[in-house]
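J.: File follows, structure30.cif with mmCIF, C-alpha atoms:
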```
data_start
#
loop_
_atom_site.label_atom_id
_atom_site.label_comp_id
_atom_site.auth_asym_id
_atom_site.auth_seq_id
_atom_site.Cartn_x
_atom_site.Cartn_y
_atom_site.Cartn_z
CA MET A 1 -98.37 141.29 336.46
CA ALA A 2 -100.27 144.30 337.88
CA LEU A 3 -101.55 142.16 340.75
CA ALA A 4 -98.04 140.94 341.49
CA ILE A 5 -96.65 144.46 341.58
CA GLY A 6 -99.50 145.68 343.79
CA SER A 7 -98.87 142.92 346.31
CA PHE A 8 -95.55 144.45 347.39
CA ALA A 9 -95.79 146.72 350.48
CA PRO A 10 -93.36 149.65 350.61
CA ALA A 11 -90.11 148.47 352.20
CA ALA A 12 -88.87 150.13 355.40
CA PHE A 13 -85.47 151.77 355.31
CA GLY A 14 -82.78 149.12 355.48
CA GLN A 15 -85.30 146.29 355.13
CA ALA A 16 -84.57 143.51 352.61
CA LEU A 17 -87.20 143.04 349.86
CA LEU A 18 -88.33 139.41 349.77
CA PRO A 19 -88.59 137.95 346.26
CA HIS A 20 -92.06 137.21 344.95
CA THR A 21 -92.39 134.09 342.81
CA LEU A 22 -95.11 134.07 340.17
CA GLN A 23 -97.11 130.84 340.35
CA VAL A 24 -97.82 129.32 336.91
CA ASP A 25 -100.61 126.84 336.32
CA PRO A 26 -99.44 124.65 333.40
CA VAL A 27 -102.90 123.17 332.91
CA GLN A 28 -104.45 126.61 332.57
CA MET A 29 -101.66 127.69 330.23
CA GLU A 30 -102.36 124.75 327.95
CA LYS A 31 -106.08 125.52 327.94
CA THR A 32 -105.28 129.10 327.04
CA GLY A 33 -102.96 127.90 324.28
CA ILE A 34 -105.67 125.71 322.77
CA SER A 35 -108.10 128.64 322.93
CA VAL A 36 -105.61 130.89 321.13
CA ALA A 37 -105.06 128.17 318.52
CA GLU A 38 -108.81 128.03 317.90
CA GLU A 39 -108.79 131.78 317.28
CA ALA A 40 -105.93 131.31 314.80
CA LEU A 41 -107.87 128.57 313.03
CA GLN A 42 -110.93 130.78 312.65
CA LEU A 43 -108.81 133.56 311.18
CA ALA A 44 -107.13 131.12 308.81
CA ARG A 45 -110.51 130.02 307.48
CA PHE A 46 -110.97 133.61 306.30
CA ARG A 47 -107.40 133.63 304.94
CA GLN A 48 -106.33 136.24 307.47
CA TYR A 49 -102.94 134.62 307.82
CA GLU A 50 -101.14 137.77 308.99
CA LEU A 51 -103.34 137.63 312.10
CA ALA A 52 -103.54 133.86 312.40
CA ILE A 53 -99.82 133.06 312.40
CA PRO A 54 -98.83 135.18 315.45
CA ARG A 55 -101.65 133.58 317.41
CA ALA A 56 -100.58 130.11 316.33
CA GLU A 57 -96.99 130.90 317.36
CA LEU A 58 -98.22 132.06 320.76
CA ALA A 59 -100.32 128.90 321.08
CA THR A 60 -97.21 126.71 320.68
CA GLN A 61 -95.52 128.67 323.50
CA LEU A 62 -98.50 128.34 325.81
CA ALA A 63 -99.14 124.68 324.96
CA PRO A 64 -95.78 123.29 323.77
CA GLN A 65 -96.81 119.68 324.41
CA SER A 66 -99.94 119.92 322.26
CA TYR A 67 -99.40 118.42 318.83
CA GLN A 68 -102.46 120.32 317.55
CA THR A 69 -100.86 123.73 318.08
CA TRP A 70 -97.68 122.71 316.25
CA ALA A 71 -99.65 121.08 313.44
CA LEU A 72 -101.75 124.22 312.99
CA LEU A 73 -98.67 126.44 312.94
CA GLY A 74 -96.95 124.20 310.41
CA THR A 75 -99.98 124.19 308.15
CA LEU A 76 -100.25 127.99 308.28
CA TYR A 77 -96.58 128.38 307.40
CA ILE A 78 -97.05 126.11 304.40
CA GLU A 79 -100.14 128.05 303.29
CA THR A 80 -98.02 131.22 303.28
CA LYS A 81 -95.13 129.54 301.40
CA GLU A 82 -92.80 129.41 304.42
CA VAL A 83 -92.24 125.76 303.70
CA GLU A 84 -89.08 125.16 305.74
CA LYS A 85 -90.63 126.65 308.87
CA GLY A 86 -93.77 124.65 308.19
CA ILE A 87 -91.89 121.37 307.95
CA SER A 88 -90.04 122.13 311.20
CA ALA A 89 -93.31 122.76 313.06
CA LEU A 90 -94.96 119.70 311.55
CA GLN A 91 -92.04 117.49 312.52
CA LYS A 92 -92.43 118.72 316.10
CA ALA A 93 -96.13 117.79 315.91
CA ARG A 94 -95.19 114.39 314.56
CA GLN A 95 -92.81 113.78 317.48
CA LEU A 96 -95.65 114.52 319.88
CA ASN A 97 -98.15 112.33 318.02
CA PRO A 98 -96.62 109.98 315.40
CA LYS A 99 -99.98 108.30 314.77
CA GLU A 100 -101.84 111.38 313.51
CA ALA A 101 -102.38 110.92 309.76
CA ALA A 102 -103.23 114.58 309.12
CA ILE A 103 -99.69 115.61 310.12
CA LEU A 104 -98.23 113.23 307.57
CA PHE A 105 -100.60 114.50 304.88
CA SER A 106 -99.47 118.06 305.58
CA LEU A 107 -95.82 117.00 305.45
CA GLY A 108 -96.53 115.35 302.10
CA SER A 109 -97.98 118.62 300.81
CA ALA A 110 -94.92 120.51 302.05
CA ARG A 111 -92.53 118.08 300.36
CA PHE A 112 -94.54 118.47 297.16
CA GLN A 113 -94.08 122.24 297.34
CA GLN A 114 -90.35 121.64 297.70
CA GLU A 115 -90.57 119.56 294.49
CA ASN A 116 -89.28 116.61 296.52
CA TYR A 117 -91.88 114.28 295.05
CA SER A 118 -90.35 111.03 296.30
CA ALA A 119 -90.42 112.33 299.88
CA ALA A 120 -93.98 113.54 299.34
CA ILE A 121 -95.00 110.03 298.27
CA GLU A 122 -93.35 108.53 301.33
CA GLU A 123 -95.14 110.89 303.74
CA LEU A 124 -98.52 110.53 302.04
CA LYS A 125 -98.34 106.75 301.93
CA ALA A 126 -97.43 106.69 305.62
CA GLY A 127 -100.47 108.82 306.39
CA LEU A 128 -102.75 106.67 304.24
CA ALA A 129 -101.50 103.57 306.07
CA LEU A 130 -102.91 105.12 309.24
CA LYS A 131 -106.06 106.55 307.64
CA PRO A 132 -106.95 105.04 304.25
CA ASN A 133 -109.34 106.40 301.63
CA VAL A 134 -108.86 110.10 302.34
CA PRO A 135 -109.71 111.71 298.97
CA GLY A 136 -107.42 114.73 299.30
CA ALA A 137 -104.43 112.64 300.34
CA LEU A 138 -105.02 110.14 297.52
CA PHE A 139 -105.27 113.04 295.08
CA ASP A 140 -102.01 114.55 296.36
CA LEU A 141 -100.35 111.15 296.06
CA GLY A 142 -101.56 110.90 292.47
CA ASN A 143 -100.11 114.34 291.77
CA ALA A 144 -96.72 113.35 293.18
CA TYR A 145 -96.62 110.27 290.96
CA TYR A 146 -97.73 112.43 288.02
CA LYS A 147 -94.80 114.80 288.54
CA LEU A 148 -92.46 111.81 288.44
CA SER A 149 -94.14 110.69 285.17
CA GLN A 150 -95.34 107.51 286.88
CA TYR A 151 -98.68 107.79 285.13
CA SER A 152 -100.20 104.41 285.96
CA GLU A 153 -99.68 104.99 289.69
CA ALA A 154 -101.04 108.53 289.33
CA VAL A 155 -104.22 107.35 287.63
CA ALA A 156 -104.71 104.54 290.16
CA ASN A 157 -104.67 107.03 293.03
CA TYR A 158 -106.90 109.52 291.22
CA GLU A 159 -109.41 106.71 290.72
CA LYS A 160 -109.23 105.81 294.41
CA ALA A 161 -109.80 109.45 295.34
CA PHE A 162 -112.87 109.61 293.12
CA ALA A 163 -114.17 106.31 294.45
CA ALA A 164 -113.88 107.68 297.98
CA GLU A 165 -115.78 110.87 297.06
CA LYS A 166 -118.03 110.75 294.00
CA ASN A 167 -118.19 114.55 293.61
CA PHE A 168 -114.41 114.96 293.64
CA TRP A 169 -114.10 116.17 290.07
CA PRO A 170 -110.41 117.30 290.31
CA ALA A 171 -109.39 113.62 290.38
CA ILE A 172 -111.28 112.94 287.14
CA ASN A 173 -109.89 116.15 285.66
CA ASN A 174 -106.33 115.04 286.34
CA ILE A 175 -106.91 111.65 284.75
CA GLY A 176 -107.77 113.71 281.68
CA LEU A 177 -104.43 115.51 282.00
CA VAL A 178 -102.60 112.18 282.05
CA LYS A 179 -104.49 110.87 279.03
CA TYR A 180 -103.86 114.01 277.01
CA GLU A 181 -100.12 113.86 277.68
CA ASN A 182 -100.16 110.23 276.54
CA GLY A 183 -101.86 111.19 273.28
CA ASP A 184 -105.31 109.84 274.18
CA ILE A 185 -107.34 112.95 273.34
CA GLU A 186 -110.65 111.11 273.20
CA GLY A 187 -110.04 109.58 276.62
CA ALA A 188 -109.15 113.02 277.98
CA ILE A 189 -112.31 114.55 276.52
CA GLN A 190 -114.42 111.88 278.17
CA ARG A 191 -112.88 112.58 281.57
CA TRP A 192 -113.26 116.35 281.27
CA GLN A 193 -116.89 115.99 280.24
CA THR A 194 -117.45 113.84 283.31
CA ALA A 195 -115.82 116.47 285.53
CA ILE A 196 -118.06 119.19 284.07
CA SER A 197 -121.14 117.02 284.58
CA ILE A 198 -120.25 116.96 288.30
CA ASP A 199 -119.60 120.72 288.50
CA SER A 200 -120.87 122.84 285.62
CA LYS A 201 -118.85 125.82 286.93
CA ALA A 202 -115.50 124.01 286.92
CA ALA A 203 -113.40 126.25 284.68
CA GLU A 204 -110.34 124.01 284.46
CA PRO A 205 -111.84 120.95 282.76
CA MET A 206 -113.97 123.27 280.64
CA LEU A 207 -110.93 125.08 279.24
CA ALA A 208 -109.07 121.80 278.73
CA LEU A 209 -112.10 120.46 276.87
CA GLY A 210 -112.14 123.55 274.67
CA VAL A 211 -108.46 123.06 273.86
CA ALA A 212 -109.06 119.41 272.96
CA PHE A 213 -111.96 120.28 270.65
CA TYR A 214 -109.96 123.05 269.01
CA THR A 215 -106.93 120.79 268.50
CA LYS A 216 -109.13 118.10 266.96
CA GLY A 217 -110.32 120.56 264.35
CA GLU A 218 -113.67 121.45 265.93
CA LYS A 219 -112.63 125.10 266.01
CA GLU A 220 -115.93 126.84 266.77
CA LYS A 221 -116.91 124.33 269.44
CA GLY A 222 -113.49 124.62 271.04
CA LEU A 223 -113.53 128.43 271.03
CA ALA A 224 -117.02 128.59 272.53
CA THR A 225 -116.13 126.12 275.29
CA ALA A 226 -112.88 127.92 276.10
CA GLN A 227 -114.62 131.31 276.18
CA ALA A 228 -117.20 129.97 278.64
CA ALA A 229 -114.38 128.65 280.85
CA LEU A 230 -112.45 131.93 280.89
CA LYS A 231 -115.58 133.90 281.72
CA LEU A 232 -115.87 131.69 284.81
CA ASP A 233 -112.21 132.10 285.83
CA VAL A 234 -109.81 134.18 283.76
CA ARG A 235 -106.80 132.93 285.76
CA TYR A 236 -106.71 129.92 283.45
CA ALA A 237 -105.52 132.20 280.65
CA ASP A 238 -102.19 132.44 282.52
CA VAL A 239 -99.78 129.72 281.39
CA GLU A 240 -97.91 129.83 284.71
CA PHE A 241 -101.16 129.22 286.55
CA LEU A 242 -101.82 126.24 284.30
CA LYS A 243 -98.37 124.85 285.09
CA GLU A 244 -99.15 125.15 288.81
CA ASN A 245 -102.25 123.07 288.11
CA LEU A 246 -100.07 120.35 286.52
CA TRP A 247 -100.93 120.92 282.87
CA GLY A 248 -98.37 119.00 280.84
CA ASN A 249 -96.24 120.16 277.92
CA ARG A 250 -98.50 118.80 275.19
CA LEU A 251 -101.64 120.39 276.61
CA LEU A 252 -99.83 123.68 277.34
CA ALA A 253 -98.54 123.91 273.77
CA ASP A 254 -102.03 123.37 272.35
CA THR A 255 -103.52 125.80 274.89
CA GLN A 256 -101.13 128.56 273.87
CA LYS A 257 -102.29 128.24 270.25
CA LEU A 258 -105.87 128.69 271.40
CA LEU A 259 -105.03 131.62 273.67
CA GLN A 260 -103.46 133.47 270.74
CA THR A 261 -106.71 133.57 268.75
CA PRO A 262 -108.46 136.96 268.52
CA GLN A 263 -111.68 135.56 269.99
CA ILE A 264 -109.97 134.25 273.14
CA GLN A 265 -107.83 137.38 273.55
CA ALA A 266 -110.98 139.51 273.41
CA THR A 267 -112.65 137.28 276.02
CA VAL A 268 -109.62 137.50 278.32
CA ALA A 269 -109.44 141.30 277.96
CA GLN A 270 -113.13 141.63 278.77
CA SER A 271 -112.93 139.29 281.77
CA GLN A 272 -109.89 141.08 283.16
CA SER A 273 -111.55 144.48 282.82
CA GLN A 274 -114.50 143.21 284.81
#
```
Written as C-alpha cells, how would this file's structure read?

T.:
Amino acid sequence: MALAIGSFAPAAFGQALLPHTLQVDPVQMEKTGISVAEEALQLARFRQYELAIPRAELATQLAPQSYQTWALLGTLYIETKEVEKGISALQKARQLNPKEAAILFSLGSARFQQENYSAAIEELKAGLALKPNVPGALFDLGNAYYKLSQYSEAVANYEKAFAAEKNFWPAINNIGLVKYENGDIEGAIQRWQTAISIDSKAAEPMLALGVAFYTKGEKEKGLATAQAALKLDVRYADVEFLKENLWGNRLLADTQKLLQTPQIQATVAQSQSQ
C-alpha cells in the first residue's frame, strides 16, 4: 500500500487524478495463505488456539479454494468447542475435496460433540470407506455406537482399532467399559490389565481396575490400585470427567463408592495440593 501511495505524483491544478489499480497475483496470495495456515498449525500444536484461529481465518481469505485451509480452520473451531462454526468450515472443505477422508473424520468428531451419534457414524463410515483401518476413526466410530448402546458394533470397531495399532490401549480400555456395563466384571478386568501392560502410566484403566477389584470385595487391592491411578492423574476423581470419557452408569456408581472412602479422599486432596 505504501508503494502504491508513493507512486502518485502531485497533481497540477485542475488536472484529473488517474485511478491506480492494484494488481493482485492470485497464485502468490494462495501461497501466502498456505504459509499462514502452516503458522496456525504450528501454534495449534502448542495449543495456542487464540493465536492460531485468527491466522487460520486469514488463510481461508488468502486461499479460499484450498480445502486444507478450511479443514484446518474447522478443526481448530471444534477444538475450541465452536462446533457449529467448525462444521460450516469443514463442509466448505468437503465441497472443495469430497474425497479427503480426514475431513469426514473431523465432521464425525464434530457430530459426536453435538451428541448426534447417528450422523457421526455416517460421517466416520464414509471416511473409512475412503481410507480404511485408521485407528482413531475406528475408535471414534466405536464410541458413537457405544453412546447408542449398540455394544456389539462398538466392540467390533474397538477391536479393529487395536488390530490396526497394537499400542492403542484406549480401544482395549473401552472394551472394558462395555463389558463392565454388561455385568462382565472379569472380562473388564482382563481388558484393563491388558491396557496397563501396554502403558503402565495409563491412569484411566488403572482407576477402573481399582474400582473393579474394590467392587469384587478385594478392598485393599482396589484401594491401592485406585490410589496409584489418581496420583498419576487426579482428574479421574471428577465424575463429570469420567462421564466425558464414556464411563457408564454401573461403573460410575461403583466408582463413587470408592471415591467416598477416606483413603481415596486423602489421596485426591494430596494430589490436588501438589

J.: Between CA of Tyr117 in chain A and CA of Ala102 in chain A, what is the spacing in Å?

T.: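 A separation of 18.1 Å between them.
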
J.: Suppose you want the space between CA of Gln114 in chain A and CA of Val234 in chain A; what is it in Å?

T.: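 Atom-to-atom, CA of Gln114 in chain A and CA of Val234 in chain A are spaced 27.0 Å apart.
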
J.: So what do you get for CA of Gly74 in chain A versus CA of Gln91 in chain A, distance-wise?

T.: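 Atom-to-atom, CA of Gly74 in chain A to CA of Gln91 in chain A, that is 8.6 Å.
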
J.: Would you mind listing what lies within 10 Å of Thr80 in chain A as a count of residues only, with all atoms listed in the file counted and same-chain residues fewer than 3 positions away left out?

T.: 9

J.: Could you expand the PyMOL selection byres ((chain A and resi 62) around 10) into the explicit residues it covers here, written as a PyMOL selection string?

T.: chain A and resi 26-34+36-37+56-61+63-66+69

J.: Ile87 in chain A: which residues within 10 Å, counting only C-alpha atoms, same-chain residues fewer than 3 positions away excluded, as a compact mmCIF listing (two decimals) with C-alpha atoms, keeping the file's coordinate frame?

T.:
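Below you can see selection-v4.txt, which holds the result:
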```txt
# COMPACT_ATOMS: atom_id res chain seq x y z
CA ALA A 71 -99.65 121.08 313.44
CA LEU A 73 -98.67 126.44 312.94
CA GLY A 74 -96.95 124.20 310.41
CA THR A 75 -99.98 124.19 308.15
CA TYR A 77 -96.58 128.38 307.40
CA ILE A 78 -97.05 126.11 304.40
CA GLU A 82 -92.80 129.41 304.42
CA VAL A 83 -92.24 125.76 303.70
CA GLU A 84 -89.08 125.16 305.74
CA LEU A 90 -94.96 119.70 311.55
CA GLN A 91 -92.04 117.49 312.52
CA LYS A 92 -92.43 118.72 316.10
CA ALA A 93 -96.13 117.79 315.91
CA ILE A 103 -99.69 115.61 310.12
CA SER A 106 -99.47 118.06 305.58
CA LEU A 107 -95.82 117.00 305.45
CA GLY A 108 -96.53 115.35 302.10
CA SER A 109 -97.98 118.62 300.81
CA ALA A 110 -94.92 120.51 302.05
CA ARG A 111 -92.53 118.08 300.36
```

J.: Give me the result of the PyMOL selection byres ((chain A and resi 177-181) around 9) on this file, residue by residue, as a PDB file with C-alpha atoms, in the coordinates of the input.

T.:
```pdb
ATOM      1  CA  TYR A 146     -97.730 112.430 288.020  1.00  0.00           C
ATOM      2  CA  TYR A 151     -98.680 107.790 285.130  1.00  0.00           C
ATOM      3  CA  ALA A 154    -101.040 108.530 289.330  1.00  0.00           C
ATOM      4  CA  VAL A 155    -104.220 107.350 287.630  1.00  0.00           C
ATOM      5  CA  ILE A 172    -111.280 112.940 287.140  1.00  0.00           C
ATOM      6  CA  ASN A 173    -109.890 116.150 285.660  1.00  0.00           C
ATOM      7  CA  ASN A 174    -106.330 115.040 286.340  1.00  0.00           C
ATOM      8  CA  ILE A 175    -106.910 111.650 284.750  1.00  0.00           C
ATOM      9  CA  GLY A 176    -107.770 113.710 281.680  1.00  0.00           C
ATOM     10  CA  ASN A 182    -100.160 110.230 276.540  1.00  0.00           C
ATOM     11  CA  GLY A 183    -101.860 111.190 273.280  1.00  0.00           C
ATOM     12  CA  ASP A 184    -105.310 109.840 274.180  1.00  0.00           C
ATOM     13  CA  ILE A 185    -107.340 112.950 273.340  1.00  0.00           C
ATOM     14  CA  GLU A 186    -110.650 111.110 273.200  1.00  0.00           C
ATOM     15  CA  GLY A 187    -110.040 109.580 276.620  1.00  0.00           C
ATOM     16  CA  ALA A 188    -109.150 113.020 277.980  1.00  0.00           C
ATOM     17  CA  ILE A 189    -112.310 114.550 276.520  1.00  0.00           C
ATOM     18  CA  ARG A 191    -112.880 112.580 281.570  1.00  0.00           C
ATOM     19  CA  TRP A 192    -113.260 116.350 281.270  1.00  0.00           C
ATOM     20  CA  ALA A 208    -109.070 121.800 278.730  1.00  0.00           C
ATOM     21  CA  ALA A 212    -109.060 119.410 272.960  1.00  0.00           C
ATOM     22  CA  LEU A 246    -100.070 120.350 286.520  1.00  0.00           C
ATOM     23  CA  TRP A 247    -100.930 120.920 282.870  1.00  0.00           C
ATOM     24  CA  GLY A 248     -98.370 119.000 280.840  1.00  0.00           C
ATOM     25  CA  ASN A 249     -96.240 120.160 277.920  1.00  0.00           C
ATOM     26  CA  ARG A 250     -98.500 118.800 275.190  1.00  0.00           C
ATOM     27  CA  LEU A 251    -101.640 120.390 276.610  1.00  0.00           C
TER      28      LEU A 251
END
```

J.: Expand the PyMOL selection byres ((chain A and resi 269) around 12) into the individual residues it matches in the shown file, reporting them as a PyMOL selection string.

T.: chain A and resi 227+230-231+234-235+237+259+262-268+270-274

J.: For the selection you just gave me, I'd like the residues written to a file as a tab-separated table (two decimals), in the frame of the given file, keeping C-alpha atoms.

T.:
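This is the output file again07.tsv:
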```tsv
chain	number	residue	atom	x	y	z
A	227	GLN	CA	-114.62	131.31	276.18
A	230	LEU	CA	-112.45	131.93	280.89
A	231	LYS	CA	-115.58	133.90	281.72
A	234	VAL	CA	-109.81	134.18	283.76
A	235	ARG	CA	-106.80	132.93	285.76
A	237	ALA	CA	-105.52	132.20	280.65
A	259	LEU	CA	-105.03	131.62	273.67
A	262	PRO	CA	-108.46	136.96	268.52
A	263	GLN	CA	-111.68	135.56	269.99
A	264	ILE	CA	-109.97	134.25	273.14
A	265	GLN	CA	-107.83	137.38	273.55
A	266	ALA	CA	-110.98	139.51	273.41
A	267	THR	CA	-112.65	137.28	276.02
A	268	VAL	CA	-109.62	137.50	278.32
A	270	GLN	CA	-113.13	141.63	278.77
A	271	SER	CA	-112.93	139.29	281.77
A	272	GLN	CA	-109.89	141.08	283.16
A	273	SER	CA	-111.55	144.48	282.82
A	274	GLN	CA	-114.50	143.21	284.81
```

J.: Got a sec: who's within 9 Å of Leu223 in chain A, counting all atoms listed in the file, leaving out chain neighbours fewer than 6 positions off, as a PyMOL selection string?

T.: chain A and resi 210-211+213-214+258+261+263-264

J.: Restricting the calculation to only C-alpha atoms, which member of A:Gln256, A:Asn245, A:Gln68, A:Gln190 is positioned closest to Gln95 in chain A?

T.: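 Closest candidate: A:Gln68.
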
J.: Can you pull out the residues contacting Phe105 in chain A? Cut-off 9 Å, using all atoms listed in the file, and skip same-chain residues under 3 positions away; I want them as a list in words.

T.: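 Here the qualifying residues turn out to be Ala101, Ala102, Gly108, Ser109, Ala110, Ala120, Glu123, Leu124, Lys125, Ala126, Gly127, Leu128, Gly136, Ala137 and Asp140 of chain A.
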
J.: From the set A:Ala195, A:Ala229, A:Leu209, A:Leu43, which residue has the shortest atom-to-atom contact distance to Lys166 in chain A, counting all atoms listed in the file?

T.: A:Ala195

J.: Between A:Pro54, A:Leu72, A:Asn97, A:Lys257, which is the closest to Leu41 in chain A once you count all atoms listed in the file?

T.: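 Checking each candidate against Leu41 in chain A, we get A:Leu72 as the closest.
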
J.: Using all atoms listed in the file, can you tell me which of A:Gln150, A:Thr225, A:Gln42, A:Thr255 comes closest to Ser118 in chain A?

T.: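 Smallest separation from Ser118 in chain A among the options: A:Gln150.
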